[in-house]
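Beneath this line is the structure, given in C-alpha cells, with notes to follow.
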Amino acid sequence: MEHTESQVVSSKQPCDDCGSSDAKAYYDDGHTYCYSCTTHHRGNTMNTEVTLMPRGTEVELENMKQRWMNAKPASIPDRSLKSGTVAHYGVLVTDTKHYYPYFKDCESVPCGFKIRTVENKGFAVLGDIKGTGLFGQQKFGNARRKTVIVTEGEVDAMAAYQMLEGKFHVVSIRGGAAHAGQNFKEAYDYLDGYEEIILCFDADDAGKAGIEKAAEVFAGKLKVIKLDPRLGKDAADYLTAGRTKEFVDATWSASPYTPKGVLSSADLWEILNQDEPDSLGDYPWAPLNRMTYGFRPTELITVTAGSGLGKSSILREIVMHLKQTTSNRIGCLFMEESVKRTAEGFMSVDLSQPIHLPTSTVKKGSEEYADSFQRTFGDDQIMIMDASFDTGATVDQVVSRVRYMAKALDCKIIILDHISILVSGGQYGDERKALDEIMTKLRTLTQDTGIVLFAVSHLKRPDGKGHEDGAVTSVSQLRGSASIAQLSDFVIGLERNGQSDDATERNTTHIRVLKNRFSGITGPAGHLLYHNDTGRLTEYVPIEEEGDSEYL
C-alpha cells in the first residue's frame, strides 16, 4: 500500500514501540510511521508491512538522475557537513530537500533516492531502493579492506567520515536500526571483504537492538563505538555539537562486540570502577545494622514471623526512624489494617504513646494530636495507600500499586504488609504458584525502579511449639513458596514467646537474620523490648548475653 498524498506534520518524534528517540513521524491524515522499527499506526489498526514512502513516476526518476549527474557540490550547514563530504557521497542538495542516492551492483547512476525534506525533516523515496547496496558503498568498492564503519543513517555516515578525515570507509544501512539484520545479510559479500566492521549506532534502545541484529550476521568481526548520550546520540549530533575529538576518541576505543551477559575486560573494569550505590537508610537498632550494613537500592527484604508477633510495630519503628534520619519518601501498603489504624500507628511512635487505645491521654481534636499529625505526615515524606482488607486484590493490582508509589510518588522505600493476604482470599487455586508469581514480579520491580522493598510474609506452623510460643524461625518455614527466600536479598525472622508467664520474656522480640546476601552474616541480631506504656520497641540485651556476641 502506498501513501502519495499525506504530508508529514511532525517528525523526529519518540517511538513508544521501539524506544527510538526521534524516528517517528506524524502525518496529516492521522497515521504515524516509525522509520526505525517500521511500525505504522492508523486509528486502532497496526500494519508493519505498509509502505508510506511515495516512489514517484519513471519520468520523475529519470529527471532526477539527470539533475544528480549535473549537480554542483553543496554543503549542508545545519548539520555542519562540508561540500566536499556531501559530494563524496553523491548527495544532491537543494533549498528544500536532500537526495541520498542508492545504487545496485556496480551501476554508476542511482536506481533510487531517499529524500529528506528540510522543513519538516520527513522522508520519502523516489524510485526503488530495495535490494540496493548500503549508502556510500559505491564509493569504497568491493576490494578487501581493513575497516569499515556502519552507521544507522546517511547523515551519520557523512558526519563520521568528515570527523575521521576520510581515514575510514563509512557506510550506512538503509532503513534504520530495525533493518540492520536484513541489510547486513543483503550486504554480506561486501562487508565480509573487511577485516573488521565497526558499528556506530544510535545511543538508544533501538540502536542497541540493531546491534544485536547485526551481530547475528557478523558477531566474530564486529566492534562497537560507545557514544556518550550526554554528548549526542549519534555521529551527526557529535559533529553539530563540535565534539569531533570525542568522536574520534570513541572510534579508536571501539571495543569488540560481546553478546548480552558476556563482559569484556573493559566492560568489567568499568563496572568495578563504578561508585557503589548510596545506602538508602539503616535500621533503628545497632545489632541489626552491624550484620546488614543498612539497606541499598534494589534490595528486597522479607520480614517474617508468626501471627500477632509485632511485625507491623517493627515496621512502623523502621519507617519513623527513616523519616528522622533520611529525606527519602516512604510508601506504605498495610493491607490488613485500616488507613486510620496505620496513620495513628505512626503517630503513636512519634508521641511514644499508643493513641488508638482508650487509655491514651492524647485525644482527637487536641492540639497535641494535630501537632503530631503535622510532624508525621505534613511534609508528605510518608505516603499511605489505602489497601486495607483488600483480600480480593490480584497480584498485578498490588504490583501496580507498588510501581505507582515508586514511579509516580517517587518513593524510595516501600513497605508491603503483607504478601500472604493475596492468597488468603481463595481466588488462587495454588498458593505456591501465586507466591512465586508475586515474588518474581516484586524482584523485577525492585531492579527496575531501584527501590528498597520490605515485604512481610507469614510462616508455616512448625511441628511442636508454635512461633507464638517462641519457636525459632527458619527460611524453610516461609509460607507457601521457596521463591520467597530465593528472591529476597535479606530474610529477617522475628521470634517472641507471647504466652510466657514472665513479662519481660513475653514482651521481648528476638531478631534473627535468616538470609544476608550482602555480607553473608546470619544468626541472632539482637532483641527488642516492647513497653506497654509507650508502645515503643527498644534494644534489650539479656543479662546472660551481655558481652557474649559482637552482634548483640
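Labeling convention for the C-alpha cells: chains A, B, ... as they appear, residues from 1 per chain, ligands from 1 in order of appearance.
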
message: Please return, as a PyMOL selection string, all residues of range 333-535 of chain A that DSSP assigns to strand (DSSP E) on the basis of the backbone.
response: chain A and resi 333-334+382-384+413-417+452-458+490-495+508-516+523-531

field: range 113-116 of chain A environment, 10 Å, only C-alpha atoms, sequence neighbours closer than 4 positions dropped, as an MDAnalysis selection string
entry: chainID A and resid 53 55 61 64:65 91:93 96:103 120:129 135 154 174:175

Where does range 329-444 of chain A meet range 534-540 of chain A within 7 Å, residue by residue, with the nearest atom pair and distance in Å to one decimal for each, counting only C-alpha atoms, listed by chain and rising number, as CSV?
residue,atom,partner,partner_atom,distance
A:Val349,CA,A:Arg536,CA,6.5
A:Ser352,CA,A:Thr534,CA,4.8
A:Gln353,CA,A:Thr534,CA,4.4
A:Pro354,CA,A:Gly535,CA,5.4

Only N, CA and C atoms, please: the residues just picked out, written as a short mmCIF file (atom, residue, chain, number, x, y, z; two decimals), in the first residue's frame.
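Output (selection_23.cif):
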data_model
loop_
_atom_site.label_atom_id
_atom_site.label_comp_id
_atom_site.auth_asym_id
_atom_site.auth_seq_id
_atom_site.Cartn_x
_atom_site.Cartn_y
_atom_site.Cartn_z
N VAL A 349 4.16 6.24 67.45
CA VAL A 349 5.62 6.21 67.57
C VAL A 349 6.14 7.62 67.78
N SER A 352 5.29 8.48 71.31
CA SER A 352 5.65 7.46 72.31
C SER A 352 4.46 7.18 73.22
N GLN A 353 3.31 6.97 72.57
CA GLN A 353 2.08 6.68 73.30
C GLN A 353 1.10 6.02 72.33
N PRO A 354 0.55 4.86 72.66
CA PRO A 354 -0.40 4.20 71.77
C PRO A 354 -1.75 4.91 71.76
#

Counting only C-alpha atoms, which residues of range 205-300 of chain A fall within 10 Å of range 489-499 of chain A, and what is the closest atom pair for each with its distance in Å at one decimal, ordered by chain and rising number, as a tab-separated table?
residue	atom	partner	partner_atom	distance
A:Leu288	CA	A:Ile492	CA	9.6
A:Thr292	CA	A:Phe490	CA	8.5
A:Phe295	CA	A:Phe490	CA	9.4
A:Thr298	CA	A:Asp489	CA	9.1
A:Glu299	CA	A:Asp489	CA	5.8
A:Leu300	CA	A:Asp489	CA	5.3

task: Using only C-alpha atoms, pick whichever of A:Pro256, A:Gly331, A:Pro277, A:Gly207 has the shortest atom-to-atom distance to Lys233 in chain A.
output: A:Gly207

field: Which residue of A:Pro358, A:Gly232, A:Gly523, A:Pro259 approaches Asp202 in chain A most closely, using only C-alpha atoms
entry: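 Selected residue with least distance to Asp202 in chain A: A:Gly232.
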
task: Check the DSSP output for the backbone and give back, as a ChimeraX atom specification, the residues of range 276-402 of chain A in alpha helix (DSSP H).
output: /A:286-292,311-325,339-351,367-377,395-402

field: Neighbour list for Ser483 in chain A as JSON, numbers by chain, cut-off 6 Å, only C-alpha atoms, skip fewer than 3 positions in-chain
entry: {"A": [436, 486, 487]}

Using only C-alpha atoms, I'd like a table of the residues in range 115-185 of chain A that come within 7 Å of range 195-201 of chain A; for each, show the closest atom pair and its distance in Å rounded to one decimal, ordered by chain and ascending number, as a Markdown table.
| residue | atom | partner | partner_atom | distance |
| --- | --- | --- | --- | --- |
| A:Arg145 | CA | A:Glu195 | CA | 6.6 |
| A:Lys146 | CA | A:Glu195 | CA | 4.8 |
| A:Thr147 | CA | A:Glu196 | CA | 5.0 |
| A:Val148 | CA | A:Ile197 | CA | 5.2 |
| A:Ile149 | CA | A:Ile198 | CA | 4.6 |
| A:Val150 | CA | A:Leu199 | CA | 5.0 |
| A:Thr151 | CA | A:Cys200 | CA | 4.9 |
| A:Glu152 | CA | A:Phe201 | CA | 5.4 |

- request: For range 409-414 of chain A, list every protein, DNA or RNA residue within 7 Å, evaluated using only C-alpha atoms, and leave out those in the same chain fewer than 3 positions away; present the list as a ChimeraX atom specification.
  value: /A:328-332,404-406,451-454

Kindly save the residues from that selection, with N, CA, C and O atoms included, as a PDB file, in the first residue's frame.
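Output contents, as saved in out.pdb:
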ATOM      1  N   ASN A 328      14.372  10.457  52.229  1.00  0.00           N
ATOM      2  CA  ASN A 328      13.720   9.573  51.271  1.00  0.00           C
ATOM      3  C   ASN A 328      12.230   9.456  51.554  1.00  0.00           C
ATOM      4  O   ASN A 328      11.813   9.315  52.701  1.00  0.00           O
ATOM      5  N   ARG A 329      11.434   9.493  50.490  1.00  0.00           N
ATOM      6  CA  ARG A 329       9.993   9.295  50.640  1.00  0.00           C
ATOM      7  C   ARG A 329       9.706   7.815  50.825  1.00  0.00           C
ATOM      8  O   ARG A 329      10.320   6.968  50.171  1.00  0.00           O
ATOM      9  N   ILE A 330       8.771   7.508  51.710  1.00  0.00           N
ATOM     10  CA  ILE A 330       8.473   6.129  52.093  1.00  0.00           C
ATOM     11  C   ILE A 330       7.013   5.841  51.777  1.00  0.00           C
ATOM     12  O   ILE A 330       6.117   6.592  52.184  1.00  0.00           O
ATOM     13  N   GLY A 331       6.757   4.772  51.026  1.00  0.00           N
ATOM     14  CA  GLY A 331       5.394   4.366  50.686  1.00  0.00           C
ATOM     15  C   GLY A 331       4.964   3.178  51.525  1.00  0.00           C
ATOM     16  O   GLY A 331       5.756   2.269  51.780  1.00  0.00           O
ATOM     17  N   CYS A 332       3.701   3.182  51.953  1.00  0.00           N
ATOM     18  CA  CYS A 332       3.225   2.139  52.863  1.00  0.00           C
ATOM     19  C   CYS A 332       1.914   1.533  52.371  1.00  0.00           C
ATOM     20  O   CYS A 332       0.947   2.249  52.112  1.00  0.00           O
ATOM     21  N   TYR A 404       3.341   2.314  41.209  1.00  0.00           N
ATOM     22  CA  TYR A 404       2.841   3.687  41.229  1.00  0.00           C
ATOM     23  C   TYR A 404       3.554   4.505  42.300  1.00  0.00           C
ATOM     24  O   TYR A 404       3.959   5.642  42.064  1.00  0.00           O
ATOM     25  N   MET A 405       3.702   3.915  43.485  1.00  0.00           N
ATOM     26  CA  MET A 405       4.389   4.649  44.549  1.00  0.00           C
ATOM     27  C   MET A 405       5.843   4.917  44.188  1.00  0.00           C
ATOM     28  O   MET A 405       6.390   5.981  44.504  1.00  0.00           O
ATOM     29  N   ALA A 406       6.466   3.953  43.516  1.00  0.00           N
ATOM     30  CA  ALA A 406       7.869   4.130  43.140  1.00  0.00           C
ATOM     31  C   ALA A 406       8.036   5.155  42.033  1.00  0.00           C
ATOM     32  O   ALA A 406       8.901   6.033  42.112  1.00  0.00           O
ATOM     33  N   ILE A 451      14.131   0.790  44.060  1.00  0.00           N
ATOM     34  CA  ILE A 451      13.602   0.973  45.415  1.00  0.00           C
ATOM     35  C   ILE A 451      14.140  -0.097  46.361  1.00  0.00           C
ATOM     36  O   ILE A 451      14.701  -1.111  45.940  1.00  0.00           O
ATOM     37  N   VAL A 452      13.963   0.155  47.660  1.00  0.00           N
ATOM     38  CA  VAL A 452      14.086  -0.890  48.674  1.00  0.00           C
ATOM     39  C   VAL A 452      12.670  -1.300  49.042  1.00  0.00           C
ATOM     40  O   VAL A 452      11.819  -0.445  49.323  1.00  0.00           O
ATOM     41  N   LEU A 453      12.387  -2.582  48.996  1.00  0.00           N
ATOM     42  CA  LEU A 453      11.042  -3.070  49.304  1.00  0.00           C
ATOM     43  C   LEU A 453      11.094  -3.997  50.508  1.00  0.00           C
ATOM     44  O   LEU A 453      11.807  -5.001  50.501  1.00  0.00           O
ATOM     45  N   PHE A 454      10.342  -3.632  51.551  1.00  0.00           N
ATOM     46  CA  PHE A 454      10.139  -4.508  52.703  1.00  0.00           C
ATOM     47  C   PHE A 454       8.828  -5.250  52.485  1.00  0.00           C
ATOM     48  O   PHE A 454       7.759  -4.635  52.412  1.00  0.00           O
TER      49      PHE A 454
END

- request: Give me the residues within 12 Å of Asp234 in chain A as a PyMOL selection string, counting only C-alpha atoms and dropping any in the same chain fewer than 5 places off.
  value: chain A and resi 20-22+150-160+199-204+207+225-229+239-241+243-244+247+250

message: Can you measure CA of His179 in chain A to CA of Gly210 in chain A for me? One decimal in Å is fine.
response: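 Taking CA of His179 in chain A and CA of Gly210 in chain A, their separation equals 7.4 Å.
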
message: Would you pick out the contacts of Ile511 in chain A at 12 Å or less, using only C-alpha atoms, so that residues sharing its chain but fewer than 2 positions from it are not included, and give the list as JSON, numbers by chain?
response: {"A": [285, 286, 287, 288, 289, 291, 303, 304, 305, 309, 310, 311, 314, 470, 472, 473, 474, 491, 492, 493, 494, 495, 496, 508, 509, 513, 514, 522, 523, 524, 525, 526, 527, 528, 529, 539, 540, 541, 551, 552]}

task: Using only C-alpha atoms, find the one residue out of A:Met69, A:Leu134, A:Asp237, A:Ile76 that sits nearest to Ser108 in chain A.
output: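 Ranked by minimum distance to Ser108 in chain A, first place goes to A:Met69.
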
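Straight-line separation from CA of Thr446 in chain A to CA of Thr376 in chain A: 25.8 Å.
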
query: Just how far from CA of Gly112 in chain A is CA of Val59 in chain A, in Å to one decimal?
result: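 These atoms are spaced 12.4 Å apart.
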
field: Contacts of Gly181 in chain A at 9 Å (only C-alpha atoms; same-chain gap of 6+ positions) as a PyMOL selection string
entry: chain A and resi 210-217

query: Which of these residues is nearest to Lys323 in chain A, using only C-alpha atoms: A:Ile415, A:Val402, A:Ile382, A:Ala434?
result: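 Closest to Lys323 in chain A of all the choices is A:Ile382.
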
message: Considering only C-alpha atoms, can you say which of A:Ala177, A:Ala485, A:Val170, A:Val248 comes closest to Leu191 in chain A?
response: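 Result for the nearest residue to Leu191 in chain A: A:Val170.
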